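Trainee: Compact mmCIF, C-alpha atoms, saved as final.txt, coming up:
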```txt
# COMPACT_ATOMS: atom_id res chain seq x y z
CA MET A 1 10.35 32.44 -11.69
CA GLU A 2 7.92 30.95 -9.21
CA ASP A 3 8.33 32.19 -5.66
CA ARG A 4 8.60 29.26 -3.30
CA LYS A 5 9.66 29.12 0.33
CA ALA A 6 11.90 26.32 1.58
CA ILE A 7 11.14 23.58 4.06
CA ASN A 8 14.36 21.83 4.98
CA LEU A 9 14.47 18.21 5.93
CA LEU A 10 17.54 17.93 8.15
CA PRO A 11 20.10 15.17 8.68
CA GLU A 12 18.79 14.74 12.25
CA HIS A 13 15.35 13.93 10.82
CA ARG A 14 16.96 10.77 9.40
CA GLY A 15 17.83 9.51 12.85
CA THR A 16 21.19 9.17 14.54
CA LYS A 17 24.05 8.48 12.11
CA SER A 18 21.53 7.45 9.47
CA SER A 19 21.58 8.37 5.79
CA THR A 20 18.04 7.14 5.09
CA PHE A 21 14.52 8.42 5.75
CA THR A 22 12.45 5.44 6.89
CA GLY A 23 9.36 4.61 8.96
CA ARG A 24 5.82 5.98 8.97
CA PRO A 25 5.87 6.97 12.68
CA GLN A 26 9.18 8.78 12.12
CA GLY A 27 7.63 10.64 9.17
CA LYS A 28 4.70 11.67 11.41
CA GLN A 29 7.08 12.96 14.08
CA VAL A 30 8.98 15.08 11.54
CA ARG A 31 5.63 16.36 10.22
CA GLU A 32 4.89 17.74 13.68
CA LYS A 33 8.36 19.28 13.99
CA LEU A 34 7.99 21.01 10.61
CA LYS A 35 4.43 22.13 11.50
CA LEU A 36 3.07 20.96 8.16
CA ASP A 37 -0.51 21.19 9.49
CA THR A 38 0.00 24.96 9.53
CA THR A 39 1.78 25.29 6.18
CA ASP A 40 -0.96 23.19 4.54
CA LYS A 41 -3.42 25.97 5.36
CA ASP A 42 -1.40 28.99 4.18
CA SER A 43 -1.31 30.27 0.62
CA ASN A 44 2.45 29.82 0.10
CA LYS A 45 4.16 27.29 -2.10
CA TYR A 46 7.19 25.35 -0.90
CA PHE A 47 10.26 23.43 -1.89
CA ILE A 48 10.94 20.43 0.32
CA ASN A 49 14.71 20.12 0.43
CA ILE A 50 16.10 16.62 0.86
CA PRO A 51 19.58 17.01 2.39
CA SER A 52 22.75 15.75 0.75
CA ASN A 53 24.23 12.48 2.01
CA THR A 54 20.75 10.97 1.87
CA ILE A 55 20.77 7.62 0.09
CA SER A 56 17.17 6.47 0.50
CA PHE A 57 13.77 8.13 0.91
CA ASN A 58 11.30 5.39 1.71
CA ALA A 59 7.56 5.35 1.05
CA SER A 60 6.76 4.64 4.72
CA PHE A 61 8.44 7.91 5.79
CA TYR A 62 6.89 9.89 2.92
CA LEU A 63 3.38 8.71 3.79
CA GLY A 64 3.86 9.54 7.48
CA LEU A 65 5.20 12.97 6.56
CA PHE A 66 2.81 13.99 3.79
CA PHE A 67 -0.33 11.88 3.69
CA ASP A 68 -2.25 14.26 5.99
CA SER A 69 -1.25 17.15 3.69
CA ILE A 70 -2.63 15.29 0.67
CA GLU A 71 -5.88 14.87 2.59
CA HIS A 72 -5.96 18.52 3.77
CA LEU A 73 -5.30 19.74 0.22
CA LYS A 74 -7.97 17.39 -1.15
CA GLY A 75 -5.84 15.44 -3.54
CA PHE A 76 -2.40 14.69 -4.86
CA LYS A 77 -2.55 17.27 -7.69
CA ASN A 78 -3.05 20.15 -5.24
CA PHE A 79 -0.36 18.71 -2.96
CA LYS A 80 2.15 18.56 -5.81
CA ASP A 81 1.30 22.08 -6.82
CA LYS A 82 2.03 23.37 -3.29
CA TYR A 83 5.01 21.20 -2.37
CA ARG A 84 7.86 20.38 -4.75
CA PHE A 85 10.94 18.35 -3.95
CA LYS A 86 14.56 19.39 -4.32
CA ILE A 87 17.22 16.73 -3.95
CA LEU A 88 20.40 18.35 -2.69
CA GLU A 89 22.58 15.26 -3.12
CA GLU A 90 24.81 15.75 -6.14
CA ASN A 91 25.95 12.24 -6.94
CA GLY A 92 24.10 11.24 -10.12
CA LEU A 93 23.38 7.63 -9.25
CA VAL A 94 22.20 8.41 -5.72
CA LYS A 95 20.06 11.31 -7.03
CA GLU A 96 18.51 9.02 -9.64
CA GLY A 97 17.77 6.47 -6.93
CA LEU A 98 16.10 9.13 -4.78
CA MET A 99 13.99 10.23 -7.75
CA GLU A 100 12.88 6.61 -8.20
CA ASP A 101 12.07 6.50 -4.47
CA LEU A 102 9.89 9.62 -4.82
CA LYS A 103 8.04 8.12 -7.80
CA GLU A 104 7.27 5.05 -5.73
CA CYS A 105 6.14 7.25 -2.82
CA GLU A 106 3.79 9.17 -5.13
CA ARG A 107 2.32 5.98 -6.60
CA GLN A 108 1.43 4.74 -3.14
CA ALA A 109 0.12 8.12 -1.96
CA ILE A 110 -2.20 8.38 -4.99
CA ASN A 111 -3.51 4.83 -4.46
CA GLU A 112 -4.05 5.33 -0.75
CA TYR A 113 -5.79 8.67 -1.27
CA ASN A 114 -8.03 7.34 -4.07
CA ASP A 115 -9.13 4.44 -1.88
CA LEU A 116 -10.17 6.84 0.88
CA LYS A 117 -12.70 8.57 -1.39
CA MET B 1 -66.64 13.47 -22.07
CA ASP B 2 -66.02 9.70 -21.87
CA ILE B 3 -67.45 7.94 -18.93
CA TYR B 4 -65.79 4.72 -17.84
CA HIS B 5 -67.90 2.25 -16.03
CA ILE B 6 -66.30 -0.44 -13.92
CA GLU B 7 -68.30 -3.28 -12.58
CA ILE B 8 -67.17 -5.78 -10.01
CA PHE B 9 -68.72 -9.14 -10.52
CA THR B 10 -69.18 -11.34 -7.57
CA SER B 11 -70.43 -14.87 -7.78
CA PRO B 12 -73.29 -15.87 -5.54
CA GLU B 13 -70.99 -18.26 -3.67
CA GLY B 14 -68.43 -15.44 -2.75
CA ASN B 15 -65.66 -13.76 -4.72
CA PHE B 16 -62.69 -15.49 -6.40
CA LEU B 17 -60.14 -14.50 -3.73
CA GLU B 18 -62.21 -15.82 -0.86
CA LYS B 19 -62.76 -19.14 -2.60
CA ASN B 20 -59.13 -19.73 -3.59
CA ILE B 21 -57.23 -18.11 -0.74
CA VAL B 22 -55.49 -21.31 0.35
CA ALA B 23 -54.40 -22.13 -3.20
CA ILE B 24 -53.15 -18.56 -3.75
CA ILE B 25 -51.12 -18.55 -0.51
CA GLY B 26 -49.69 -21.93 -1.48
CA LEU B 27 -48.74 -20.62 -4.90
CA LEU B 28 -47.12 -17.51 -3.40
CA LEU B 29 -45.09 -19.67 -1.01
CA VAL B 30 -43.87 -21.82 -3.91
CA ILE B 31 -42.83 -18.68 -5.85
CA LEU B 32 -41.07 -17.19 -2.78
CA THR B 33 -39.24 -20.44 -2.05
CA TYR B 34 -38.13 -20.64 -5.68
CA LEU B 35 -36.90 -17.03 -5.66
CA GLY B 36 -35.10 -17.59 -2.34
CA GLU B 37 -33.34 -20.64 -3.77
CA ARG B 38 -32.33 -18.70 -6.89
CA ILE B 39 -30.93 -15.79 -4.84
CA SER B 40 -29.00 -18.03 -2.46
CA SER B 41 -27.54 -20.15 -5.27
CA ALA B 42 -26.51 -16.95 -7.13
CA LYS B 43 -24.80 -15.75 -3.94
CA ARG B 44 -23.06 -19.13 -3.55
CA ALA B 45 -21.86 -19.00 -7.17
CA LYS B 46 -20.57 -15.43 -6.71
CA LYS B 47 -18.70 -16.44 -3.53
CA ASN B 48 -17.20 -19.50 -5.29
CA ASN B 49 -16.11 -17.36 -8.26
CA LYS B 50 -14.46 -14.86 -5.90
CA TYR B 51 -12.75 -17.65 -3.97
CA ASN B 52 -11.51 -19.38 -7.15
CA TRP B 53 -10.37 -16.11 -8.70
CA PHE B 54 -8.46 -15.13 -5.55
CA LEU B 55 -6.80 -18.53 -5.31
CA SER B 56 -6.04 -19.17 -8.98
CA ILE B 57 -5.10 -15.63 -10.10
CA ILE B 58 -3.59 -14.09 -6.99
CA ILE B 59 -2.29 -16.79 -4.66
CA GLN B 60 -1.23 -19.86 -6.65
CA PRO B 61 0.82 -18.21 -9.44
CA ASN B 62 2.62 -15.90 -6.99
CA LEU B 63 3.37 -18.03 -3.96
CA GLU B 64 6.58 -19.53 -5.33
CA ARG B 65 7.88 -16.17 -6.55
CA ILE B 66 7.18 -14.50 -3.19
CA GLU B 67 9.01 -17.31 -1.44
CA LYS B 68 12.02 -16.83 -3.76
CA ILE B 69 12.06 -13.04 -3.32
CA TYR B 70 12.14 -13.34 0.47
CA SER B 71 14.93 -15.89 0.50
CA SER B 72 16.97 -13.91 -2.06
CA THR B 73 16.32 -10.72 -0.06
CA GLU B 74 17.82 -12.33 3.04
CA GLU B 75 20.80 -13.65 1.08
CA THR B 76 21.50 -10.40 -0.82
CA LEU B 77 21.20 -8.30 2.32
CA LYS B 78 23.72 -10.41 4.25
CA LYS B 79 26.11 -10.44 1.30
CA SER B 80 25.80 -6.67 0.86
CA ILE B 81 26.43 -5.98 4.56
CA ASN B 82 29.58 -8.13 4.39
CA GLU B 83 30.77 -6.28 1.29
CA LEU B 84 30.12 -2.92 2.95
CA ARG B 85 32.06 -4.03 6.02
CA THR B 86 35.10 -4.77 3.87
CA SER B 87 34.71 -1.40 2.11
CA SER B 88 34.58 0.75 5.23
CA SER B 89 37.88 2.44 4.32
CA LEU B 90 36.35 3.99 1.18
CA PRO B 91 35.92 7.78 1.11
CA HIS B 92 32.51 8.76 2.51
CA ASP B 93 30.90 9.74 -0.83
CA GLN B 94 32.08 6.52 -2.50
CA TYR B 95 30.84 4.49 0.43
CA LEU B 96 27.38 6.11 0.18
CA LEU B 97 27.33 5.37 -3.54
CA LEU B 98 28.14 1.72 -2.86
CA GLN B 99 25.39 1.58 -0.22
CA ARG B 100 22.85 2.94 -2.70
CA LYS B 101 23.97 0.46 -5.36
CA LYS B 102 23.38 -2.34 -2.87
CA MET B 103 19.95 -0.92 -2.01
CA ASN B 104 19.06 -0.77 -5.70
CA GLN B 105 19.52 -4.53 -6.02
CA PHE B 106 16.59 -5.00 -3.68
CA LYS B 107 14.54 -1.92 -4.58
CA ASN B 108 14.53 -2.73 -8.32
CA GLU B 109 13.34 -6.28 -7.73
CA LYS B 110 10.79 -5.12 -5.17
CA ARG B 111 9.34 -2.54 -7.60
CA SER B 112 9.26 -4.80 -10.63
CA TYR B 113 7.51 -7.59 -8.80
CA PHE B 114 5.48 -6.19 -5.92
CA ASN B 115 4.06 -3.20 -7.86
CA ASN B 116 2.45 -5.63 -10.31
CA PHE B 117 1.34 -7.92 -7.51
CA SER B 118 -0.17 -4.99 -5.64
CA SER B 119 -2.03 -3.82 -8.79
CA LEU B 120 -3.46 -7.30 -9.22
CA VAL B 121 -4.65 -7.38 -5.61
CA ARG B 122 -6.00 -3.81 -5.97
CA ALA B 123 -8.33 -5.00 -8.73
CA TYR B 124 -9.70 -7.50 -6.22
CA ASP B 125 -9.70 -5.40 -3.03
CA PRO B 126 -8.03 -1.95 -2.64
CA ASN B 127 -7.88 -2.24 1.17
CA LEU B 128 -6.00 -5.51 0.98
CA ALA B 129 -3.65 -3.96 -1.62
CA ASN B 130 -2.93 -1.04 0.74
CA ARG B 131 -2.16 -3.48 3.56
CA ILE B 132 0.23 -5.37 1.25
CA ASP B 133 1.94 -2.11 0.20
CA GLU B 134 2.40 -1.31 3.88
CA ILE B 135 3.97 -4.72 4.58
CA ILE B 136 6.33 -4.36 1.60
CA ASN B 137 7.24 -0.86 2.80
CA GLU B 138 8.21 -2.43 6.12
CA LEU B 139 10.40 -4.91 4.25
CA ASP B 140 11.96 -1.99 2.37
CA ASP B 141 12.64 -0.31 5.74
CA ILE B 142 14.19 -3.50 7.17
CA TYR B 143 16.49 -3.75 4.15
CA THR B 144 17.39 -0.06 4.04
CA GLN B 145 17.97 0.33 7.79
CA ASN B 146 20.12 -2.79 8.05
CA LEU B 147 22.27 -1.72 5.11
CA ASP B 148 22.49 1.73 6.63
CA GLU B 149 23.62 0.34 9.98
CA GLY B 150 25.79 -2.30 8.30
CA ILE B 151 29.11 -1.08 9.65
CA SER B 152 27.96 0.91 12.66
CA ASP B 153 28.12 -0.21 16.28
CA GLU B 154 24.34 -0.64 16.24
CA SER B 155 24.41 -3.27 13.50
CA LYS B 156 22.40 -6.37 14.30
CA SER B 157 23.43 -10.00 14.07
CA PHE B 158 22.43 -11.87 10.91
CA SER B 159 20.04 -14.09 12.85
CA VAL B 160 18.13 -11.01 14.08
CA ILE B 161 18.02 -9.63 10.51
CA SER B 162 16.73 -12.99 9.21
CA SER B 163 14.01 -13.12 11.84
CA GLU B 164 12.88 -9.58 10.89
CA ILE B 165 12.63 -10.61 7.22
CA TYR B 166 10.74 -13.83 7.93
CA ARG B 167 8.39 -12.11 10.38
CA ASN B 168 7.52 -9.74 7.55
CA GLN B 169 6.91 -12.68 5.19
CA THR B 170 4.62 -14.31 7.77
CA THR B 171 2.62 -11.07 8.07
CA LEU B 172 2.19 -10.99 4.27
CA TYR B 173 0.96 -14.60 4.17
CA ALA B 174 -1.31 -14.04 7.18
CA ASN B 175 -3.02 -11.16 5.37
CA LEU B 176 -3.50 -13.19 2.18
CA PHE B 177 -4.87 -16.22 4.01
CA GLU B 178 -7.10 -14.10 6.22
CA GLU B 179 -8.79 -13.04 2.99
CA ILE B 180 -9.49 -16.69 2.12
CA ASN B 181 -11.13 -17.18 5.53
CA LEU B 182 -13.16 -14.02 5.07
CA ILE B 183 -14.50 -15.19 1.70
CA GLU B 184 -15.48 -18.52 3.25
CA THR B 185 -17.32 -16.99 6.20
CA ARG B 186 -19.07 -14.13 4.32
```
Please express the file's structure as structure tokens.
Mentor:
Amino acid sequence: MEDRKAINLLPEHRGTKSSTFTGRPQGKQVREKLKLDTTDKDSNKYFINIPSNTISFNASFYLGLFFDSIEHLKGFKNFKDKYRFKILEENGLVKEGLMEDLKECERQAINEYNDLK
Amino acid sequence: MDIYHIEIFTSPEGNFLEKNIVAIIGLLLVILTYLGERISSAKRAKKNNKYNWFLSIIIQPNLERIEKIYSSTEETLKKSINELRTSSSLPHDQYLLLQRKKMNQFKNEKRSYFNNFSSLVRAYDPNLANRIDEIINELDDIYTQNLDEGISDESKSFSVISSEIYRNQTTLYANLFEEINLIETR
């Protein structure tokens, strides 16, 4: 099995009493807290754990959190190879919704990255 | 070995160029004016095509639908917040599930419409499409955050929520109409 380290998104990264990850500036702030600029440069691979009780993971937050990594790693394919997502929420419908959110995030990240080139 | 011999003939009265210089310059000016006209009318035609394409393919067929989506977004959000307020006694996991169901009502409509709209705009101008995606992400955040705060002490009044939604709609229109101005002034 592939050896991956864990990067944990925490409930406090959602904001006070919130169950959603929203906002590009908020995503950027969490990026700094998690020191993703450093992990982008190492040779490890990671799981990004999305905590349970999360009901929405919005594209604005995702782009603030990961767009610089996609640029550092020179493309979405390399980014996806290094960082994989784990949704810790167990409720089927919520999990499905979060997976749809991630698909939407990826669509926008790919478009934005391709337009930079 | 072949030897090529080139002779330049000059007439006793002076060479051809010297004699016809005024006529040649005149002819060159006519050709340049004609080419200039052709280039500028091609540019005008290209600009008109772009303008017409933007208006008839992107703006006109979508304006009504965008209008409807924004007004239904406002209505659905208010209705959902009210429903969540009356369901606050539900166990936490069931309450979260209900919140997500309410979010899906908006997110599904947003994806099915705005992803196509954004692709259409992307074919015209990727930068404009990225700006539109950003505006729709803000709308998604407005919806999500207000549903999230629906029953908390920090929940906003409906008039504040409405103004957030309509400010977002205005930003979307401003970006689309700015493009029309840009085409006209380019």
Trainee: Can you work out the spacing between CA of Arg107 (chain A) and CA of Tyr143 (chain B) in Å, to one decimal?
Mentor: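 Interatomic distance, CA of Arg107 (chain A) to CA of Tyr143 (chain B): 20.3 Å.
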Trainee: Separation of CA of Val121 (chain B) and CA of Lys101 (chain B), in Å?
Mentor: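 CA of Lys101 (chain B) lies 29.7 Å from CA of Val121 (chain B).
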Trainee: Excluding Asn108 (chain B) and any residue of its chain fewer than 4 positions from it, enumerate the residues within 12 Å of it, using only C-alpha atoms, and give them as number ranges by chain.
Mentor: A: 97, 100-101, 104; B: 69, 73, 100-104, 112-115, 140
Trainee: Set the cut-off to 7 Å and count only C-alpha atoms: what are the residues of chain B that reach chain A? Output as number ranges by chain.
Mentor: B: 96-97, 100, 126, 130, 137, 141, 148
Trainee: So the first atom is CA of Glu74 (chain B) and the second is CA of Ser119 (chain B); what is the distance between them in Å, to one decimal place?
Mentor: 24.6 Å
Trainee: Using all atoms listed in the file, can you list as a list in words the residues within 9 Å of (3.4, 25.1, -3.8)?
Mentor: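 Residues satisfying the cut-off, written out: Asp3, Arg4, Lys5, Ser43, Asn44, Lys45, Tyr46, Phe47, Asn78, Phe79, Lys80, Asp81, Lys82, Tyr83 and Arg84 of chain A.
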Trainee: Name all residues at most 12 Å from region 34-38 of chain A (count all atoms listed in the file; drop same-chain ones fewer than 3 positions away) and give them as number ranges by chain.
Mentor: A: 6-10, 13, 27-31, 41-44, 46, 48, 64-73, 79, 82-83
Trainee: Please give the centre and size of the box around region 24-32 of chain A (axis-aligned, containing every atom listed in the file, 3 Å added per side), with values in Å to one decimal and written as AutoDock Vina command-line options.
Mentor:
```
--center_x 6.9 --center_y 11.9 --center_z 11.5 --size_x 10.5 --size_y 17.8 --size_z 11.1
```
Trainee: Can you put N, CA and C atoms back into region 48-60 of chain A and show it as a tab-separated table (two decimals), keeping the file's coordinate frame?
Mentor:
```tsv
chain	number	residue	atom	x	y	z
A	48	ILE	N	10.50	21.30	-0.77
A	48	ILE	CA	10.94	20.43	0.32
A	48	ILE	C	12.36	20.02	-0.03
A	49	ASN	N	13.31	20.45	0.73
A	49	ASN	CA	14.71	20.12	0.43
A	49	ASN	C	15.14	18.83	1.12
A	50	ILE	N	15.58	17.89	0.31
A	50	ILE	CA	16.10	16.62	0.86
A	50	ILE	C	17.62	16.77	0.98
A	51	PRO	N	18.16	16.67	2.20
A	51	PRO	CA	19.58	17.01	2.39
A	51	PRO	C	20.54	16.07	1.66
A	52	SER	N	21.73	16.59	1.39
A	52	SER	CA	22.75	15.75	0.75
A	52	SER	C	23.17	14.65	1.75
A	53	ASN	N	23.85	13.67	1.23
A	53	ASN	CA	24.23	12.48	2.01
A	53	ASN	C	23.01	11.63	2.38
A	54	THR	N	21.90	11.85	1.68
A	54	THR	CA	20.75	10.97	1.87
A	54	THR	C	20.81	9.92	0.77
A	55	ILE	N	20.69	8.64	1.13
A	55	ILE	CA	20.77	7.62	0.09
A	55	ILE	C	19.43	6.90	-0.15
A	56	SER	N	18.47	7.12	0.75
A	56	SER	CA	17.17	6.47	0.50
A	56	SER	C	16.05	7.29	1.14
A	57	PHE	N	14.94	7.42	0.40
A	57	PHE	CA	13.77	8.13	0.91
A	57	PHE	C	12.60	7.18	0.75
A	58	ASN	N	12.25	6.50	1.83
A	58	ASN	CA	11.30	5.39	1.71
A	58	ASN	C	9.84	5.83	1.78
A	59	ALA	N	8.99	5.02	1.14
A	59	ALA	CA	7.56	5.35	1.05
A	59	ALA	C	6.91	5.45	2.43
A	60	SER	N	7.35	4.61	3.38
A	60	SER	CA	6.76	4.64	4.72
A	60	SER	C	6.94	6.04	5.34
```
